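Source file: coords-v9.pdb; contents: PDB, C-alpha atoms.
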```pdb
ATOM      1  CA  MET A  10       0.000   0.000   0.000
ATOM      2  CA  LYS A  11       2.891   2.280   0.828
ATOM      3  CA  ASP A  12       4.278   1.697  -2.692
ATOM      4  CA  ARG A  13       0.921   2.608  -4.239
ATOM      5  CA  ILE A  14       0.816   5.871  -2.286
ATOM      6  CA  GLY A  15       4.393   6.629  -3.297
ATOM      7  CA  ASP A  16       3.551   5.950  -6.942
ATOM      8  CA  ALA A  17       0.482   8.180  -6.772
ATOM      9  CA  GLN A  18       2.558  10.958  -5.277
ATOM     10  CA  SER A  19       5.275  10.648  -7.908
ATOM     11  CA  SER A  20       2.645  10.692 -10.612
ATOM     12  CA  LEU A  21       1.108  13.855  -9.178
ATOM     13  CA  ASN A  22       4.487  15.550  -9.050
ATOM     14  CA  GLU A  23       5.236  14.577 -12.623
ATOM     15  CA  SER A  24       1.877  15.996 -13.731
ATOM     16  CA  PHE A  25       2.646  19.178 -11.891
ATOM     17  CA  GLN A  26       6.014  19.478 -13.559
ATOM     18  CA  LEU A  27       4.483  18.892 -16.979
ATOM     19  CA  LEU A  28       1.827  21.487 -16.322
ATOM     20  CA  PHE A  29       4.405  23.985 -15.178
ATOM     21  CA  GLY A  30       8.080  23.584 -16.095
ATOM     22  CA  GLU A  31      10.051  24.496 -13.000
ATOM     23  CA  HIS A  32      11.088  27.901 -14.377
ATOM     24  CA  GLU A  33       7.537  28.695 -15.410
ATOM     25  CA  LEU A  34       6.288  27.785 -11.960
ATOM     26  CA  LEU A  35       8.877  30.027 -10.327
ATOM     27  CA  ALA A  36       7.920  32.854 -12.691
ATOM     28  CA  LYS A  37       4.322  32.433 -11.558
ATOM     29  CA  VAL A  38       5.389  32.752  -7.938
ATOM     30  CA  ILE A  39       6.827  36.193  -8.773
ATOM     31  CA  GLU A  40       3.830  37.207 -10.842
ATOM     32  CA  PHE A  41       1.373  36.365  -8.073
ATOM     33  CA  PHE A  42       3.612  37.307  -5.138
ATOM     34  CA  PRO A  43       1.517  39.379  -2.725
ATOM     35  CA  TYR A  44       4.293  41.872  -2.038
ATOM     36  CA  PRO A  45       6.042  44.219  -4.502
ATOM     37  CA  ILE A  46       9.132  42.803  -6.175
ATOM     38  CA  GLN A  47      11.308  44.853  -8.485
ATOM     39  CA  ILE A  48      14.241  43.593 -10.535
ATOM     40  CA  PHE A  49      17.030  46.025 -11.389
ATOM     41  CA  SER A  50      20.041  45.886 -13.653
ATOM     42  CA  THR A  51      23.316  46.800 -11.930
ATOM     43  CA  ASP A  52      23.074  50.374 -13.209
ATOM     44  CA  GLY A  53      20.038  50.728 -10.922
ATOM     45  CA  ILE A  54      17.362  50.827 -13.612
ATOM     46  CA  ALA A  55      14.137  48.901 -12.949
ATOM     47  CA  ARG A  56      13.740  46.128 -15.532
ATOM     48  CA  MET A  57      10.797  44.167 -14.203
ATOM     49  CA  ILE A  58       8.065  44.691 -11.625
ATOM     50  CA  ASN A  59       5.217  42.475 -10.510
ATOM     51  CA  LYS A  60       1.541  43.327 -10.195
ATOM     52  CA  ALA A  61       1.796  43.938  -6.465
ATOM     53  CA  THR A  62       4.256  46.767  -7.171
ATOM     54  CA  LEU A  63       1.592  48.646  -9.102
ATOM     55  CA  GLU A  64      -1.238  47.804  -6.705
ATOM     56  CA  MET A  65       0.484  48.288  -3.365
ATOM     57  CA  ILE A  66       2.917  51.126  -4.073
ATOM     58  CA  GLY A  67       0.588  52.981  -6.404
ATOM     59  CA  ILE A  68       2.708  53.319  -9.537
ATOM     60  CA  ARG A  69       0.294  54.111 -12.371
ATOM     61  CA  ASP A  70       1.708  51.829 -15.036
ATOM     62  CA  VAL A  71       4.658  49.669 -15.982
ATOM     63  CA  GLU A  72       5.673  51.920 -18.870
ATOM     64  CA  SER A  73       6.308  54.925 -16.651
ATOM     65  CA  HIS A  74       8.608  52.887 -14.397
ATOM     66  CA  VAL A  75      10.405  50.035 -16.188
ATOM     67  CA  GLY A  76      13.436  51.230 -18.112
ATOM     68  CA  ILE A  77      13.061  54.681 -16.555
ATOM     69  CA  TYR A  78      13.193  54.534 -12.761
ATOM     70  CA  ASN A  79      16.707  54.379 -11.313
ATOM     71  CA  VAL A  80      16.954  53.458  -7.646
ATOM     72  CA  PHE A  81      20.458  54.966  -7.355
ATOM     73  CA  ARG A  82      19.068  58.320  -8.527
ATOM     74  CA  ASP A  83      15.860  58.194  -6.536
ATOM     75  CA  PRO A  84      15.650  61.484  -4.568
ATOM     76  CA  ILE A  85      13.484  59.852  -1.898
ATOM     77  CA  VAL A  86      15.969  57.041  -1.279
ATOM     78  CA  ARG A  87      18.726  59.650  -1.183
ATOM     79  CA  GLY A  88      16.726  61.891   1.137
ATOM     80  CA  LEU A  89      16.328  59.005   3.583
ATOM     81  CA  GLY A  90      20.091  58.428   3.458
ATOM     82  CA  CYS A  91      19.768  54.916   2.015
ATOM     83  CA  THR A  92      21.420  55.172  -1.415
ATOM     84  CA  GLU A  93      24.861  53.981  -0.311
ATOM     85  CA  GLN A  94      23.297  51.190   1.698
ATOM     86  CA  VAL A  95      21.384  49.987  -1.366
ATOM     87  CA  ARG A  96      24.580  50.194  -3.424
ATOM     88  CA  GLN A  97      26.096  47.510  -1.193
ATOM     89  CA  VAL A  98      24.006  44.981  -3.121
ATOM     90  CA  LEU A  99      26.461  45.555  -5.978
ATOM     91  CA  GLU A 100      29.127  44.010  -3.750
ATOM     92  CA  GLY A 101      27.055  40.847  -3.595
ATOM     93  CA  LYS A 102      25.516  41.581  -0.202
ATOM     94  CA  THR A 103      21.914  41.227   0.867
ATOM     95  CA  VAL A 104      20.779  44.610   2.176
ATOM     96  CA  TYR A 105      17.992  45.095   4.706
ATOM     97  CA  LEU A 106      16.227  48.451   5.029
ATOM     98  CA  THR A 107      13.814  48.477   7.933
ATOM     99  CA  ASP A 108      11.089  51.010   8.639
ATOM    100  CA  PHE A 109      11.462  52.675   5.255
ATOM    101  CA  ASN A 110       8.778  55.334   5.655
ATOM    102  CA  VAL A 111       7.916  57.284   2.527
ATOM    103  CA  PRO A 112       5.480  60.221   2.395
ATOM    104  CA  TYR A 113       3.075  59.470  -0.441
ATOM    105  CA  GLN A 114       3.023  63.110  -1.545
ATOM    106  CA  ASP A 115       6.777  62.928  -2.110
ATOM    107  CA  LEU A 116       6.225  59.878  -4.320
ATOM    108  CA  LYS A 117       3.562  61.799  -6.268
ATOM    109  CA  ARG A 118       5.881  64.757  -6.690
ATOM    110  CA  HIS A 119       8.626  62.686  -8.291
ATOM    111  CA  PHE A 120       6.850  59.781  -9.981
ATOM    112  CA  ASN A 121       3.730  58.915 -11.933
ATOM    113  CA  MET A 122       1.550  57.744  -9.052
ATOM    114  CA  GLU A 123      -2.125  56.994  -8.537
ATOM    115  CA  ASP A 124      -4.199  59.471  -6.541
ATOM    116  CA  ARG A 125      -4.656  57.848  -3.164
ATOM    117  CA  ASP A 126      -5.674  59.035   0.253
ATOM    118  CA  ILE A 127      -2.418  57.914   1.862
ATOM    119  CA  GLN A 128       0.038  59.890   3.971
ATOM    120  CA  THR A 129       2.884  57.412   4.352
ATOM    121  CA  ILE A 130       3.840  53.952   3.168
ATOM    122  CA  SER A 131       5.862  52.082   5.774
ATOM    123  CA  SER A 132       7.799  49.033   4.644
ATOM    124  CA  ASP A 133      10.801  46.819   5.188
ATOM    125  CA  ILE A 134      12.824  46.371   2.012
ATOM    126  CA  THR A 135      15.278  43.574   1.252
ATOM    127  CA  CYS A 136      17.631  43.940  -1.716
ATOM    128  CA  PHE A 137      19.534  40.882  -2.878
ATOM    129  CA  PRO A 138      21.853  40.043  -5.776
ATOM    130  CA  LEU A 139      20.862  37.562  -8.492
ATOM    131  CA  LYS A 140      23.959  35.580  -9.312
ATOM    132  CA  ASN A 141      24.457  33.318 -12.292
ATOM    133  CA  ALA A 142      26.212  29.942 -12.205
ATOM    134  CA  ASP A 143      29.604  31.675 -12.455
ATOM    135  CA  GLY A 144      28.881  33.805  -9.393
ATOM    136  CA  VAL A 145      28.604  36.916 -11.561
ATOM    137  CA  PHE A 146      25.494  39.010 -11.332
ATOM    138  CA  GLU A 147      23.899  41.440 -13.718
ATOM    139  CA  TYR A 148      20.715  42.055 -11.753
ATOM    140  CA  PHE A 149      19.473  42.522  -8.245
ATOM    141  CA  ALA A 150      16.002  42.351  -6.784
ATOM    142  CA  ALA A 151      14.128  44.213  -4.068
ATOM    143  CA  VAL A 152      11.152  42.873  -2.160
ATOM    144  CA  PHE A 153       8.972  45.313  -0.228
ATOM    145  CA  ILE A 154       7.181  43.972   2.829
ATOM    146  CA  ILE A 155       4.601  46.717   3.218
ATOM    147  CA  LYS A 156       3.619  46.940   6.870
ATOM    148  CA  LYS A 157       1.331  49.919   7.098
ATOM    149  CA  TYR A 158      -0.323  52.728   5.205
ATOM    150  CA  THR A 159      -1.049  55.776   7.356
ATOM    151  CA  GLY A 160      -3.839  58.064   6.345
ATOM    152  CA  GLU A 161      -5.941  54.952   5.576
ATOM    153  CA  LYS A 162      -7.546  52.518   7.994
ATOM    154  CA  LYS A 163      -5.893  49.512   6.263
ATOM    155  CA  LYS A 164      -3.038  47.808   8.113
ATOM    156  CA  LEU A 165      -1.230  44.796   6.767
ATOM    157  CA  ILE A 166       0.346  43.550  10.014
TER     158      ILE A 166
ATOM    159  CA  MET B  30      17.058  71.969 -37.150
ATOM    160  CA  HIS B  31      17.178  70.191 -40.509
ATOM    161  CA  LYS B  32      14.122  67.875 -40.915
ATOM    162  CA  GLY B  33      16.287  64.885 -41.867
ATOM    163  CA  ASN B  34      18.298  65.243 -38.654
ATOM    164  CA  GLU B  35      15.083  65.654 -36.648
ATOM    165  CA  ARG B  36      13.699  62.428 -38.047
ATOM    166  CA  LYS B  37      16.982  60.638 -37.409
ATOM    167  CA  MET B  38      17.072  61.791 -33.791
ATOM    168  CA  ARG B  39      13.459  60.768 -33.236
ATOM    169  CA  ASN B  40      14.085  57.348 -34.753
ATOM    170  CA  ASN B  41      17.222  56.895 -32.602
ATOM    171  CA  ALA B  42      15.346  57.827 -29.424
ATOM    172  CA  GLU B  43      12.444  55.540 -30.303
ATOM    173  CA  GLY B  44      14.858  52.756 -31.206
ATOM    174  CA  THR B  45      16.629  53.054 -27.855
ATOM    175  CA  GLN B  46      13.340  53.138 -25.993
ATOM    176  CA  ASN B  47      12.053  50.136 -27.923
ATOM    177  CA  ASN B  48      15.237  48.235 -27.114
ATOM    178  CA  ILE B  49      14.788  48.923 -23.418
ATOM    179  CA  MET B  50      11.114  48.000 -23.459
ATOM    180  CA  GLU B  51      11.743  44.906 -25.589
ATOM    181  CA  GLU B  52      14.432  43.685 -23.258
ATOM    182  CA  PHE B  53      12.218  43.548 -20.193
ATOM    183  CA  GLN B  54       8.918  43.495 -18.441
ATOM    184  CA  SER B  55       7.713  40.526 -20.361
ATOM    185  CA  PHE B  56       7.377  37.711 -17.878
ATOM    186  CA  HIS B  57       7.153  35.363 -20.835
ATOM    187  CA  GLY B  58      10.675  34.700 -22.051
ATOM    188  CA  ASN B  59      12.312  35.818 -18.808
ATOM    189  CA  GLU B  60      11.382  32.794 -16.758
ATOM    190  CA  GLU B  61      15.027  31.984 -16.063
ATOM    191  CA  LEU B  62      15.644  35.364 -14.457
ATOM    192  CA  LEU B  63      12.437  35.123 -12.461
ATOM    193  CA  ALA B  64      13.409  31.620 -11.359
ATOM    194  CA  LYS B  65      16.672  33.088 -10.115
ATOM    195  CA  VAL B  66      14.755  35.624  -8.008
ATOM    196  CA  ILE B  67      13.033  32.784  -6.160
ATOM    197  CA  ASP B  68      16.190  30.741  -5.921
ATOM    198  CA  CYS B  69      18.189  33.670  -4.462
ATOM    199  CA  PHE B  70      15.261  35.006  -2.380
ATOM    200  CA  PRO B  71      16.591  35.523   1.150
ATOM    201  CA  TYR B  72      13.392  34.260   2.800
ATOM    202  CA  PRO B  73      12.034  30.698   2.723
ATOM    203  CA  ILE B  74       9.547  29.901  -0.025
ATOM    204  CA  GLU B  75       7.661  26.654  -0.419
ATOM    205  CA  VAL B  76       5.199  25.887  -3.215
ATOM    206  CA  TYR B  77       2.444  23.306  -2.727
ATOM    207  CA  ALA B  78       0.275  21.362  -5.152
ATOM    208  CA  PRO B  79      -3.486  21.561  -4.522
ATOM    209  CA  ASP B  80      -3.383  18.331  -2.498
ATOM    210  CA  GLY B  81      -0.915  19.960  -0.078
ATOM    211  CA  THR B  82       2.237  18.205  -1.312
ATOM    212  CA  ALA B  83       5.360  20.352  -1.429
ATOM    213  CA  VAL B  84       6.542  20.622  -5.053
ATOM    214  CA  LEU B  85       9.197  23.299  -4.792
ATOM    215  CA  VAL B  86      11.414  24.850  -2.140
ATOM    216  CA  ASN B  87      14.052  27.529  -2.457
ATOM    217  CA  LYS B  88      17.576  27.597  -1.033
ATOM    218  CA  ALA B  89      16.569  29.798   1.894
ATOM    219  CA  MET B  90      14.018  27.183   2.985
ATOM    220  CA  LEU B  91      16.637  24.447   2.935
ATOM    221  CA  THR B  92      19.143  26.609   4.821
ATOM    222  CA  GLU B  93      16.630  27.773   7.431
ATOM    223  CA  TYR B  94      15.640  24.242   8.369
ATOM    224  CA  HIS B  95      19.114  22.741   7.874
ATOM    225  CA  VAL B  96      17.870  20.382   5.185
ATOM    226  CA  SER B  97      20.632  19.210   2.875
ATOM    227  CA  ASP B  98      18.463  17.290   0.422
ATOM    228  CA  PRO B  99      15.371  18.976  -1.094
ATOM    229  CA  ASP B 100      13.947  15.528  -1.841
ATOM    230  CA  MET B 101      13.312  15.163   1.892
ATOM    231  CA  ILE B 102      10.602  17.783   1.379
ATOM    232  CA  ILE B 103       9.601  17.759  -2.310
ATOM    233  CA  GLY B 104       7.022  15.101  -2.950
ATOM    234  CA  ASN B 105       7.267  13.940   0.664
ATOM    235  CA  TYR B 106       6.013  16.736   2.874
ATOM    236  CA  ASN B 107       2.269  17.384   2.866
ATOM    237  CA  ILE B 108       1.086  20.405   4.801
ATOM    238  CA  PHE B 109      -2.401  18.908   5.264
ATOM    239  CA  MET B 110      -0.884  15.840   6.904
ATOM    240  CA  ASP B 111       1.521  17.701   9.159
ATOM    241  CA  PRO B 112       0.445  17.065  12.792
ATOM    242  CA  PRO B 113       2.319  20.047  14.291
ATOM    243  CA  PHE B 114       0.754  22.336  11.660
ATOM    244  CA  ILE B 115      -2.722  20.893  12.230
ATOM    245  CA  ALA B 116      -2.225  21.414  15.959
ATOM    246  CA  THR B 117      -1.734  25.178  15.404
ATOM    247  CA  GLY B 118      -5.418  25.367  14.447
ATOM    248  CA  GLN B 119      -4.575  27.414  11.349
ATOM    249  CA  PHE B 120      -5.491  24.683   8.880
ATOM    250  CA  HIS B 121      -8.452  26.709   7.583
ATOM    251  CA  LEU B 122      -6.171  29.573   6.553
ATOM    252  CA  VAL B 123      -4.201  27.364   4.199
ATOM    253  CA  LYS B 124      -7.464  25.961   2.848
ATOM    254  CA  GLN B 125      -8.518  29.538   2.074
ATOM    255  CA  ALA B 126      -5.302  30.056   0.124
ATOM    256  CA  PHE B 127      -6.041  27.002  -1.977
ATOM    257  CA  GLN B 128      -9.418  28.531  -2.728
ATOM    258  CA  GLY B 129      -7.723  31.553  -4.292
ATOM    259  CA  GLU B 130      -7.273  33.966  -1.391
ATOM    260  CA  THR B 131      -4.031  35.548  -0.233
ATOM    261  CA  VAL B 132      -3.770  34.776   3.449
ATOM    262  CA  PHE B 133      -1.458  36.568   5.902
ATOM    263  CA  HIS B 134      -0.468  34.531   8.910
ATOM    264  CA  PRO B 135       1.627  36.452  11.453
ATOM    265  CA  ASP B 136       3.565  35.151  14.440
ATOM    266  CA  ILE B 137       3.810  31.476  13.621
ATOM    267  CA  LYS B 138       5.757  29.557  16.240
ATOM    268  CA  VAL B 139       7.607  26.841  14.378
ATOM    269  CA  PRO B 140       7.631  23.621  16.488
ATOM    270  CA  LEU B 141      11.146  22.586  15.507
ATOM    271  CA  ASP B 142      11.247  19.769  18.050
ATOM    272  CA  LYS B 143       8.155  18.119  16.539
ATOM    273  CA  ILE B 144       9.485  18.635  12.995
ATOM    274  CA  ALA B 145      12.799  17.114  14.015
ATOM    275  CA  GLU B 146      10.934  14.148  15.476
ATOM    276  CA  GLN B 147       8.916  13.743  12.281
ATOM    277  CA  TYR B 148      12.051  13.535  10.144
ATOM    278  CA  GLY B 149      13.867  11.336  12.597
ATOM    279  CA  LEU B 150      16.432  14.034  13.402
ATOM    280  CA  SER B 151      17.712  15.298  16.730
ATOM    281  CA  ILE B 152      16.732  18.753  17.948
ATOM    282  CA  GLU B 153      20.427  19.695  17.988
ATOM    283  CA  GLU B 154      20.255  19.725  14.213
ATOM    284  CA  PHE B 155      17.892  22.631  14.440
ATOM    285  CA  GLN B 156      20.026  25.292  16.036
ATOM    286  CA  LEU B 157      17.373  27.715  17.089
ATOM    287  CA  LYS B 158      13.634  28.039  17.446
ATOM    288  CA  CYS B 159      12.184  30.819  15.410
ATOM    289  CA  SER B 160       9.056  32.854  15.197
ATOM    290  CA  VAL B 161       8.011  33.583  11.622
ATOM    291  CA  ARG B 162       5.312  35.300   9.590
ATOM    292  CA  ALA B 163       3.895  33.306   6.713
ATOM    293  CA  THR B 164       1.916  34.377   3.659
ATOM    294  CA  TYR B 165       0.027  31.745   1.681
TER     295      TYR B 165
END
```

As structure tokens, the full file:
Amino acid sequence: MKDRIGDAQSSLNESFQLLFGEHELLAKVIEFFPYPIQIFSTDGIARMINKATLEMIGIRDVESHVGIYNVFRDPIVRGLGCTEQVRQVLEGKTVYLTDFNVPYQDLKRHFNMEDRDIQTISSDITCFPLKNADGVFEYFAAVFIIKKYTGEKKKLI
Amino acid sequence: MHKGNERKMRNNAEGTQNNIMEEFQSFHGNEELLAKVIDCFPYPIEVYAPDGTAVLVNKAMLTEYHVSDPDMIIGNYNIFMDPPFIATGQFHLVKQAFQGETVFHPDIKVPLDKIAEQYGLSIEEFQLKCSVRATY
């Protein structure tokens, strides 16, 4: 009986793999990830963002961000004194920014943002390098764990 | 400015912009890069099939729980048959996730001693107990 269960399980896993190749499955995890994820090239330019980035941060559309926004030239990141800390990701380090509190009006001033009744977005941000098999990396990613919006009743934690 | 030069400049700018836009923000065709994001993600990620069987784990998951072989988990661990997890009384939250909701589950106390027992390992192989927040 144990063999039959094992066979059934293997069969299920095979079906799952056929339905989603492993890379496709992992891509879906990013696409449906409930927190914003942004992927940057090493020059700091955003190359890919997921749906949660638009919905939770309030960026109007992909076109006004991808290929245009540069995290190393972001005046808000600079104003919070975090630019050099973020740059450490280029040395292969994982960088943790905690309690990154951004006034929404500042975001609206600098970027193409939705109109929302929000004062501040409070988040923890983790930036990490994406290395290839040779240990070289051309991209890094940032995940935003959004903890709280002030000015709205909604809290996420 | 001469019209020919104007047209040339416009075409160059559009060409550059098109190159940038073509290169990215299509999830289709960039699966390898996206796979790398999950693989290098500094927090544990586990993906389950609808029957609750683990089908994918990332490196951070293996490191966090000191698991050297992913096959100990993939195809073998089933969240719906995990006694310590069932004992937390949060079973219904995972069920909700399988019904299409995003579920936030703060302050999970991971019962490392029970997990160690389940895999036939000693507690010493889990170096610390941790309190985590999970999102399904």

Inset, instruction - Quick one: everything within 12 Å of A:Asp115, counting only C-alpha atoms, minus sequence neighbours fewer than 3 positions away in the same chain. Send it as a count of residues only. - result: 18

Any chance you could work out the axis-aligned box around stretch 143-152 of chain A, listed atoms only, 3 Å on each side, giving centre and edge lengths in Å to one decimal, as AutoDock Vina command-line options?
```
--center_x 20.4 --center_y 37.9 --center_z -7.9 --size_x 24.5 --size_y 18.5 --size_z 17.6
```

Could you please tell me, as a PDB file with C-alpha atoms, in the coordinates of the input, which residues of chain A have an atom within 6 Å of chain B when using all atoms listed in the file?
```pdb
ATOM      1  CA  HIS A  32      11.088  27.901 -14.377  1.00  0.00           C
ATOM      2  CA  GLU A  33       7.537  28.695 -15.410  1.00  0.00           C
ATOM      3  CA  LEU A  35       8.877  30.027 -10.327  1.00  0.00           C
ATOM      4  CA  ALA A  36       7.920  32.854 -12.691  1.00  0.00           C
ATOM      5  CA  ARG A  56      13.740  46.128 -15.532  1.00  0.00           C
ATOM      6  CA  MET A  57      10.797  44.167 -14.203  1.00  0.00           C
ATOM      7  CA  GLY A  76      13.436  51.230 -18.112  1.00  0.00           C
TER       8      GLY A  76
END
```

Legend entry - Between atom CA of A:Val71 and atom CA of B:Lys88 - distance in Å to one decimal: 29.6 Å

Inset, instruction - Take atom CA of A:Thr51 and atom CA of A:Phe149 and report the distance between them in Å, one decimal. - result: 6.8 Å

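Distance annotation: of A:Phe42, A:Phe49, A:Phe153, A:Phe137, the residue with the minimal separation from A:Val98 is A:Phe137; atom set is all atoms listed in the file.
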